[in-house]
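Asks: Could you have a look at this structure, given as structure tokens, before my questions?
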Amino acid sequence: MSSTDNSYVRTEMLPEREAPTGNVGIVGWIRKNLFPDVFSSILTLIALFFIYQLLAGLVPWLTGGIWNASSLSECREIIGDGPAAACLAVIHERFWQLMYGFYPSDSYWRPNLAFILLFAAISPVLFDGVSRKMFIATATVPFIGPWLLWGGSFWAPVTAALGFVVGYFVYKLVAKSMNNLLALILGPLAAIIWWLVISGYVSSGLASVIPLGLEPVASRDFGGFMLAVTLGITGIALSFPLGIVLALGRLSDLVIIKTLCVGFIEFIRGVPLITLLFVAQVMLSYFLPKGTDFDIILRVMIMITLFASAYMAEVIRGGLAALPTGQYEAADALGLDYWQAQRLIIMPQALKISIPGIVSTFIGLFKDTTLVSIIGLSDPIGWVKLIQSNSEWTGVVWELYGFVALVFFLFCFSMSRSSMYLERKLQTGHN
Amino acid sequence: MTTLTDPPKESFRLSMLLYDSRYRSMTIQIIALLAFMLGAAWLINNARINLAIAGKEISWAFLSSPSGYDINQRLIDYTSQSSHGRAAVVGLMNTLLVAVMGCILATFLGVVVGVLRLSKNWIISRLAAVYVEGFRNVPVLLWIVLSMTILAETLPQPRDFRGDDATASMMLFDSVAITNRGIYIPEPLFSRGLGDIPVLVGNSEEAVAACASYYDLDGDGQPATGCGTFQISLDLVAFLSVLIAMVMITKMNNKRADRIQDATGDRPATTLVNLAIVVLPVVSLLWYLGFYLGYPELKGFNFRGGTYFRNSLIALWLALSLYTAAFIAENVRAGIMAIAKGQSEAAAALGLRQGPIMRLVVLPQALRVIVPPLISQYLNLTKNSSLAIAVGYMDVTGTLGGITLNQTGREMETLLLLMACYLVISLVVSTVMNAYNERTKLKER
């Protein structure tokens with residue numbers, strides 16, 4: 001047999017050829033993502049034109065912005081007949097007021113320190129590498145933070161913290177010697193007695209021995225973003241536990257407790273926050289004994305907390321409902337009681353599921369703090385109006401609103417991004 | 001002598017209230033109820049005493065006293081002589097007006113942006129994402145104030161429309177005027193109109209007198225004010241009833257087409273027939289009533305005639321819609337992504353075309369995911385409309401919770417009534433939503 005190969009079929013592979021230049025690299029990407037067909041191409045062109053128009057207006061306006069002027073008319077003189085430019089001087093001049101309101105300028109370190117402490121307090125939750133010992137900081141911030149902000153005697157936060165210690169020990173003592181439920185009632189009762197009756201004497205006694213304190217700052221001096229952040233963080237910190245309790249109450253078998261929780265949640269969710277703030281402003285004092293008159297900021301904080309806690313409860317209820325029944329049954333099978341099951345099995349999973357909802361409630365709460373400008377507190381929007389009512393800056397609009405919007409955006413956007421990060425970090429599934 | 005005793009009968013001991021789980025839940029509940037009732041009683045008692053000291057015992061009489069303030073945007077007749085109660089109703093209608101307008105625009109924008117965000121076109125989906133993140137992360141109050149400022153600062157004043165060298169001009173064949181005071185659009189008028197019927201005419205002499213002159217329409221065809229609590233336009237009633245009747249007939253026509261299709265396999269053309277069924281009677285009714293448009297005209301310092309939307313309404317409407325649309329867009333995106341790709345592929349395998357796949361397979365399933373959060377966004381929009389007070393739009397918060405509260409000093413009554421208004425709206429909407437959820441729920445075994 002001859003071995004001459006006269007087949008028409010190739011015996012070796014052709015060398016690979018380059019992909020058509022139109023399908024790879026940047027050109028291929030543009031063709032695939034921007035101009036795949038006629039309709040899409042038209043949309044792309046419209047979008048590009050829109051972006052060009054926006055940037056062509058915005059960039060020269062910002063880059064040509066005037067930073068050094070003492071009033072709007074001075075700004076306009078500097079601009080003259082030139083192209084439109086931003087009068088950023090207003091932000092330069094009023095930056096600290098937009099940030100801190102009337103807070104005494106030599107005490108700016110106090111809110112700064114409080115917020116740094118707060119960041120340290122939440123760092124174990126956010127970052128992996130941080131030692132768990134940082135949770136000690138988490139425990140002290142609720143007492144140190146308000147003291148730094150409002151000032152006053154150092155012993156007030158100390159005795160307030162001691163109340164929790166007292167309550168805890170009474171609880172332990174009663175739980176060991178008598179009954180759990182009784183301990184659950186007597187512990188908080190002891191703490192309340194401590195706060196209402198004893199702590200005043202203790203703190204004034206300690207203050208007379210070792211006078212240690214900060215210059216007190218009145219609530220009406222709080223303003224700008226500091227006020228928004230203070231209201232937001234207090235609301236977040238208080239509404240979260242309250243929301244958990246309400247969610248558990250709403251899912252409880254105990255009819256009366258369930259009814260109370262449902263009534264509260266549906267009422268709060270049914271009315272706008274502004275009406276609750278009106279209540280805080282004009283109506284709350286009627287419900288308290290004659291002569292009780294406490295701070296408007298405190299009243300607003302209470303209302304914001306109640307408002308957010310109802311929404312929080314619904315989010316957490318969603319998380320609890322999403323948990324498979326097997327988890328509850330497994331906890332029962334292990335012989336855990338209700339609170340143990342909640343603490344060890346149910347809540348860690350349910351809260352993880354509801355992280356996106358919880359964080360968007362936080363973001364909503366932080367945005368809603370702007371409503372206090374309607375009842376006359378000077379949050380950032382209130383400050384914008386104050387600055388505009390000043391004759392030097394009457395007519396400044398875009399710069400101020402743009403700045404406030406930008407800062408809010410940075411806060412809220414970073415919150416939503418960190419929630420995504422937290423979600424990924426806590427992800428234990430296999431997908 | 002008896003050595004046998006009955007087995008020890010478990011008697012109720014007081015300590016069982018604490019230790020026995022059968023009774024413990026009862027104890028907890030009763031303690032909670034007692035604590036709640038004590039707290040409530042304490043608060044109410046405080047309020048009673050404080051109100052008595054301030055001389056403001058609960059009384060609703062202020063609702064019928066003259067309000068003494070004007071409301072510039074209103075749907076029913078109202079003058080400063082009208083009562084506070086009527087002012088509250090005008091405000092409530094304004095709230096509902098901006099809420100309905102906002103929901104419609106927000107749904108439209110939200111669906112468009114949500115679909116665009118899923119677009120394969122990179123730049124379009126990025127733009128949609130920027131829109132969503134930008135609007136979601138800035139407080140709605142800021143958007144409301146900002147859009148009011150934009151309208152007031154950038155739009156021409158009415159006087160700019162005047163003279164030969166006017167710097168501004170009306171749009172759409174001189175029918176629409178956009179000014180910094182608001183927008184004027186043509187209003188529907190009827191030269192041979194059927195008139196209005198007054199509802200709830202009072203027995204008092206003034207009411208009867210107002211109604212006596214009522215049927216003498218003065219030249220402009222406008223009804224005299226002050227007759228009855230409100231008036232229903234018969235033209236509108238006629239128009240709506242004809243429209244609804246004709247739409248019903250098209251439904252029947254479609255059913256007939258379905259029957260024929262089931263029997264023979266051929267579907268008779270329905271589109272043109274349906275169009276004719278709706279359009280012809282409606283047009284002939286309008287012609288019979290002498291329909292014409294009343295154009296706004298510049299008279300003196302402002303425009304007259306036409307339908308007038310105040311600046312504050314437009315600003316609030318735009319801001320609420322744009323803000324809520326960002327949230328709705330996310331809901332729509334989530335809803336569409338929740339439908340597994342296999343669904344549309346299976347439908348394609350069955351031989352359905354692109355349109356029917358969307359209409360019959362994807363949308364019904366996506367809607368089940370989209371609608372509940374959509375409704376709660378509607379509720380949020382309605383509640384956020386209470387921020388109207390920041391731009392001076394007279395919604396129910398502005399009338400009842402604003403000027404009426406300040407003028408009468410009745411904080412308790414006005415705020416309770418105000419909250420009740422919003423609560424009723426919320427509860428009605430959530431009842432409807434629950435019914436919808438129940439109806440569209442996945443039937444699982």
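Residues are referred to by chain and number: the chain letter is A, B, ... according to the order shown in the structure tokens, the number counts from 1 in that chain, and ligands are numbered separately from 1 in the order shown.
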Can you pull out the residues contacting Tyr108 in chain A? Cut-off 10 Å, using only C-alpha atoms, and skip same-chain residues under 6 positions away; I want them as JSON, numbers by chain.
Replies: {"A": [96, 99, 100, 149]}
Asks: Output N, CA, C and O atoms for every residue in the selection just made, as a JSON list (two decimals), in the first residue's frame.
Replies:
[["chain", "number", "residue", "atom", "x", "y", "z"],
["A", 96, "TRP", "N", -18.10, 76.51, 59.12],
["A", 96, "TRP", "CA", -18.18, 75.98, 60.48],
["A", 96, "TRP", "C", -19.59, 76.07, 61.03],
["A", 96, "TRP", "O", -19.99, 75.24, 61.84],
["A", 99, "MET", "N", -21.52, 73.28, 59.68],
["A", 99, "MET", "CA", -21.12, 72.03, 60.31],
["A", 99, "MET", "C", -21.58, 71.93, 61.75],
["A", 99, "MET", "O", -22.07, 70.91, 62.20],
["A", 100, "TYR", "N", -21.37, 73.01, 62.53],
["A", 100, "TYR", "CA", -21.58, 72.91, 63.98],
["A", 100, "TYR", "C", -22.66, 73.85, 64.51],
["A", 100, "TYR", "O", -22.92, 73.83, 65.71],
["A", 149, "LEU", "N", -20.87, 65.98, 74.29],
["A", 149, "LEU", "CA", -21.65, 66.92, 73.49],
["A", 149, "LEU", "C", -22.27, 68.01, 74.35],
["A", 149, "LEU", "O", -22.19, 69.19, 74.04]]
Asks: Please check the contacts: residues of chain B at most 7 Å away from chain A, using only C-alpha atoms, listed as a list in words.
Replies: Ser25, Gln29, Leu33, Leu43, Ile44, Asn46, Ala47, Asn50, Leu51, Lys120, Asn121, Trp122, Ile123, Ile124, Asn137, Val138, Pro139, Leu141, Lys383, Asn384, Ser386, Ala390, Glu411, Met412, Met419, Tyr422, Leu423 and Ser426 of chain B
Asks: Go through range 61-267 of chain A and collect every residue that DSSP, computed from the backbone, puts in alpha helix (DSSP H); the answer should be as an MDAnalysis selection string.
Replies: chainID A and resid 61:63 72:79 89:100 109:126 135:150 155:177 180:193 199:209 224:250 255:267
Asks: Between A:Gly152, A:Gly80, A:Gly376, A:Gly167, which residue has the minimum interatomic distance to Ile296 in chain A, considering only C-alpha atoms?
Replies: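 Answer, going by the shortest atom-to-atom distance: A:Gly376.
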Asks: What is the distance, in Å and to one decimal place, between CA of Gly151 in chain A and CA of Ile387 in chain A?
Replies: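 We find that CA of Gly151 in chain A and CA of Ile387 in chain A lie 27.4 Å from each other.
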Asks: Measuring between only C-alpha atoms, which one of B:Leu38, B:Leu272, B:Met433, B:Leu63 shows the shortest distance to Leu417 in chain B?
Replies: B:Leu63
Asks: For each of A:Trp67, A:Trp339, A:Tyr328, A:Trp150, take the minimum atom-to-atom distance to Phe222 in chain A, counting only C-alpha atoms, then give the residue where this is smallest.
Replies: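 Closest residue, counting only C-alpha atoms: A:Trp150.
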Asks: As number ranges by chain, please: the residues near Leu92 in chain B (cut-off 10 Å, only C-alpha atoms, same-chain neighbours under 2 positions excluded).
Replies: B: 86-90, 94-97, 394-400, 418, 421-422
Asks: Dump C-alpha atoms for the selected residues as a PDB file, in the first residue's frame?
Replies:
ATOM      1  CA  ARG B  86     -64.003  73.304  55.264  1.00  0.00           C
ATOM      2  CA  ALA B  87     -60.408  74.541  55.205  1.00  0.00           C
ATOM      3  CA  ALA B  88     -59.345  71.133  56.474  1.00  0.00           C
ATOM      4  CA  VAL B  89     -61.347  69.427  53.715  1.00  0.00           C
ATOM      5  CA  VAL B  90     -59.783  71.698  51.091  1.00  0.00           C
ATOM      6  CA  ASN B  94     -54.999  69.127  48.050  1.00  0.00           C
ATOM      7  CA  THR B  95     -53.039  66.352  49.767  1.00  0.00           C
ATOM      8  CA  LEU B  96     -54.867  63.727  47.745  1.00  0.00           C
ATOM      9  CA  LEU B  97     -54.403  65.784  44.554  1.00  0.00           C
ATOM     10  CA  MET B 394     -51.789  74.272  51.448  1.00  0.00           C
ATOM     11  CA  ASP B 395     -52.260  70.595  52.059  1.00  0.00           C
ATOM     12  CA  VAL B 396     -53.993  69.229  55.126  1.00  0.00           C
ATOM     13  CA  THR B 397     -50.845  69.716  57.211  1.00  0.00           C
ATOM     14  CA  GLY B 398     -50.661  73.318  56.074  1.00  0.00           C
ATOM     15  CA  THR B 399     -54.308  74.130  56.781  1.00  0.00           C
ATOM     16  CA  LEU B 400     -55.320  71.970  59.721  1.00  0.00           C
ATOM     17  CA  LEU B 418     -54.550  65.550  61.287  1.00  0.00           C
ATOM     18  CA  CYS B 421     -56.621  61.842  58.305  1.00  0.00           C
ATOM     19  CA  TYR B 422     -53.294  60.264  57.420  1.00  0.00           C
TER      20      TYR B 422
END
Asks: One decimal, in Å: what's the spacing between CA of Arg94 in chain A and CA of Ile66 in chain A?
Replies: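 Between CA of Arg94 in chain A and CA of Ile66 in chain A the gap works out to 14.2 Å.
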Asks: Can you list, as a list in words, all residues belonging to range 273-409 of chain B that DSSP tags as strand (DSSP E or B)?
Replies: Phe291, Tyr292, Leu293, Gly294, Glu297, Leu298, Lys299, Asn302, Phe303, Arg304, Thr307, Tyr308, Phe309 and Arg310 of chain B
Asks: What does the distance from CA of Ala321 in chain A to CA of Gly232 in chain A come to in Å, to one decimal?
Replies: 27.6 Å
Asks: Give me the residues within 12 Å of range 83-89 of chain A as a ChimeraX atom specification, counting only C-alpha atoms and dropping any in the same chain fewer than 6 places off.
Replies: /A:56-77,95,392-393,395-403
Asks: Give me a file of those residues, with N, CA, C and O atoms, as a short mmCIF file (atom, residue, chain, number, x, y, z; two decimals), in the first residue's frame.
Replies:
data_model
loop_
_atom_site.label_atom_id
_atom_site.label_comp_id
_atom_site.auth_asym_id
_atom_site.auth_seq_id
_atom_site.Cartn_x
_atom_site.Cartn_y
_atom_site.Cartn_z
N ALA A 56 -20.59 70.63 30.66
CA ALA A 56 -20.21 71.92 30.10
C ALA A 56 -20.76 73.05 30.94
O ALA A 56 -20.16 74.13 31.03
N GLY A 57 -21.90 72.85 31.58
CA GLY A 57 -22.43 73.89 32.45
C GLY A 57 -21.76 73.86 33.81
O GLY A 57 -21.43 74.90 34.38
N LEU A 58 -21.56 72.65 34.33
CA LEU A 58 -21.18 72.50 35.73
C LEU A 58 -19.69 72.75 35.97
O LEU A 58 -19.31 73.46 36.90
N VAL A 59 -18.85 72.19 35.09
CA VAL A 59 -17.41 72.23 35.37
C VAL A 59 -16.86 73.66 35.38
O VAL A 59 -16.20 74.05 36.34
N PRO A 60 -17.13 74.47 34.32
CA PRO A 60 -16.61 75.84 34.39
C PRO A 60 -17.19 76.61 35.58
O PRO A 60 -16.49 77.41 36.20
N TRP A 61 -18.45 76.33 35.90
CA TRP A 61 -19.11 77.02 37.00
C TRP A 61 -18.37 76.73 38.30
O TRP A 61 -18.15 77.62 39.13
N LEU A 62 -17.98 75.48 38.48
CA LEU A 62 -17.30 75.10 39.73
C LEU A 62 -15.83 75.52 39.71
O LEU A 62 -15.34 76.10 40.67
N THR A 63 -15.13 75.25 38.59
CA THR A 63 -13.70 75.56 38.59
C THR A 63 -13.45 77.05 38.62
O THR A 63 -12.45 77.51 39.16
N GLY A 64 -14.38 77.82 38.04
CA GLY A 64 -14.23 79.26 38.09
C GLY A 64 -14.76 79.85 39.37
O GLY A 64 -14.87 81.07 39.50
N GLY A 65 -15.14 79.00 40.32
CA GLY A 65 -15.78 79.48 41.55
C GLY A 65 -14.93 80.46 42.33
O GLY A 65 -13.71 80.39 42.34
N ILE A 66 -15.60 81.41 42.97
CA ILE A 66 -14.93 82.44 43.75
C ILE A 66 -14.86 81.97 45.20
O ILE A 66 -15.90 81.68 45.80
N TRP A 67 -13.67 81.90 45.75
CA TRP A 67 -13.55 81.43 47.12
C TRP A 67 -13.38 82.59 48.10
O TRP A 67 -13.66 82.43 49.28
N ASN A 68 -12.87 83.72 47.62
CA ASN A 68 -12.59 84.80 48.55
C ASN A 68 -13.48 86.00 48.29
O ASN A 68 -13.23 86.78 47.38
N ALA A 69 -14.54 86.09 49.06
CA ALA A 69 -15.42 87.25 48.97
C ALA A 69 -16.18 87.27 50.27
O ALA A 69 -16.29 86.26 50.96
N SER A 70 -16.70 88.43 50.62
CA SER A 70 -17.41 88.49 51.90
C SER A 70 -18.90 88.64 51.70
O SER A 70 -19.66 88.65 52.66
N SER A 71 -19.34 88.81 50.47
CA SER A 71 -20.78 88.88 50.24
C SER A 71 -21.07 88.52 48.79
O SER A 71 -20.15 88.46 47.96
N LEU A 72 -22.34 88.30 48.50
CA LEU A 72 -22.72 87.91 47.15
C LEU A 72 -22.42 89.03 46.16
O LEU A 72 -21.95 88.77 45.05
N SER A 73 -22.65 90.29 46.58
CA SER A 73 -22.41 91.39 45.65
C SER A 73 -20.93 91.47 45.31
O SER A 73 -20.56 91.76 44.16
N GLU A 74 -20.06 91.16 46.29
CA GLU A 74 -18.64 91.17 46.01
C GLU A 74 -18.29 90.08 44.99
O GLU A 74 -17.52 90.30 44.06
N CYS A 75 -18.92 88.92 45.21
CA CYS A 75 -18.75 87.82 44.26
C CYS A 75 -19.10 88.28 42.86
O CYS A 75 -18.36 88.05 41.91
N ARG A 76 -20.25 88.94 42.74
CA ARG A 76 -20.73 89.34 41.42
C ARG A 76 -19.79 90.36 40.80
O ARG A 76 -19.58 90.36 39.60
N GLU A 77 -19.21 91.22 41.64
CA GLU A 77 -18.25 92.19 41.11
C GLU A 77 -17.05 91.47 40.53
O GLU A 77 -16.56 91.82 39.46
N PHE A 95 -18.63 77.78 56.62
CA PHE A 95 -18.44 76.34 56.72
C PHE A 95 -18.69 75.82 58.12
O PHE A 95 -19.43 74.86 58.35
N GLU A 392 -26.02 89.75 53.42
CA GLU A 392 -24.84 89.57 52.58
C GLU A 392 -25.02 88.44 51.58
O GLU A 392 -24.44 88.46 50.50
N TRP A 393 -25.77 87.45 51.98
CA TRP A 393 -25.82 86.25 51.14
C TRP A 393 -27.22 85.99 50.59
O TRP A 393 -27.49 84.89 50.11
N GLY A 395 -29.90 85.41 48.10
CA GLY A 395 -29.83 85.09 46.68
C GLY A 395 -28.86 83.98 46.36
O GLY A 395 -28.84 83.48 45.25
N VAL A 396 -28.06 83.57 47.33
CA VAL A 396 -27.19 82.41 47.09
C VAL A 396 -28.05 81.16 47.22
O VAL A 396 -28.68 80.94 48.26
N VAL A 397 -28.12 80.38 46.17
CA VAL A 397 -29.00 79.22 46.20
C VAL A 397 -28.24 77.93 45.93
O VAL A 397 -28.12 77.05 46.78
N TRP A 398 -27.67 77.85 44.74
CA TRP A 398 -27.13 76.58 44.25
C TRP A 398 -25.98 76.12 45.12
O TRP A 398 -25.86 74.93 45.42
N GLU A 399 -25.08 77.06 45.47
CA GLU A 399 -23.88 76.67 46.20
C GLU A 399 -24.26 76.02 47.52
O GLU A 399 -23.75 74.95 47.87
N LEU A 400 -25.19 76.65 48.24
CA LEU A 400 -25.54 76.14 49.58
C LEU A 400 -26.29 74.82 49.49
O LEU A 400 -25.91 73.84 50.14
N TYR A 401 -27.34 74.79 48.67
CA TYR A 401 -28.11 73.55 48.57
C TYR A 401 -27.25 72.43 48.01
O TYR A 401 -27.33 71.28 48.44
N GLY A 402 -26.40 72.79 47.03
CA GLY A 402 -25.52 71.78 46.45
C GLY A 402 -24.58 71.20 47.49
O GLY A 402 -24.39 69.99 47.57
N PHE A 403 -24.04 72.07 48.33
CA PHE A 403 -23.11 71.60 49.35
C PHE A 403 -23.82 70.67 50.33
O PHE A 403 -23.34 69.58 50.65
#
Asks: Find the spatial neighbours of Gly305 in chain B, counting only C-alpha atoms, within a cut-off of 9 Å - ignore same-chain residues fewer than 4 positions away - and output them as a CSV table (one decimal) with N, CA, C and O atoms, in the first residue's frame.
Replies:
chain,number,residue,atom,x,y,z
B,184,TYR,N,-50.1,77.8,33.6
B,184,TYR,CA,-51.5,77.9,33.2
B,184,TYR,C,-51.7,77.0,32.0
B,184,TYR,O,-50.9,77.1,31.0
B,185,ILE,N,-52.7,76.2,32.0
B,185,ILE,CA,-53.0,75.4,30.8
B,185,ILE,C,-54.5,75.6,30.5
B,185,ILE,O,-55.2,76.1,31.3
B,186,PRO,N,-54.9,75.3,29.2
B,186,PRO,CA,-56.3,75.5,28.8
B,186,PRO,C,-57.2,74.7,29.7
B,186,PRO,O,-56.9,73.6,30.2
B,187,GLU,N,-58.4,75.3,29.9
B,187,GLU,CA,-59.4,74.5,30.7
B,187,GLU,C,-60.5,74.1,29.8
B,187,GLU,O,-60.9,74.8,28.9
B,294,GLY,N,-60.7,77.0,27.2
B,294,GLY,CA,-60.5,78.3,27.6
B,294,GLY,C,-59.0,78.6,27.8
B,294,GLY,O,-58.4,78.0,28.6
B,295,TYR,N,-58.5,79.5,26.9
B,295,TYR,CA,-57.0,79.7,27.0
B,295,TYR,C,-56.7,80.7,28.1
B,295,TYR,O,-57.4,81.7,28.3
B,296,PRO,N,-55.6,80.6,28.7
B,296,PRO,CA,-55.1,81.6,29.7
B,296,PRO,C,-54.7,82.9,28.9
B,296,PRO,O,-54.1,82.8,27.8
B,297,GLU,N,-55.0,84.0,29.4
B,297,GLU,CA,-54.7,85.3,28.8
B,297,GLU,C,-54.0,86.2,29.8
B,297,GLU,O,-54.3,86.2,31.0
B,298,LEU,N,-53.0,87.0,29.3
B,298,LEU,CA,-52.3,87.9,30.2
B,298,LEU,C,-53.2,89.1,30.4
B,298,LEU,O,-53.5,89.8,29.4
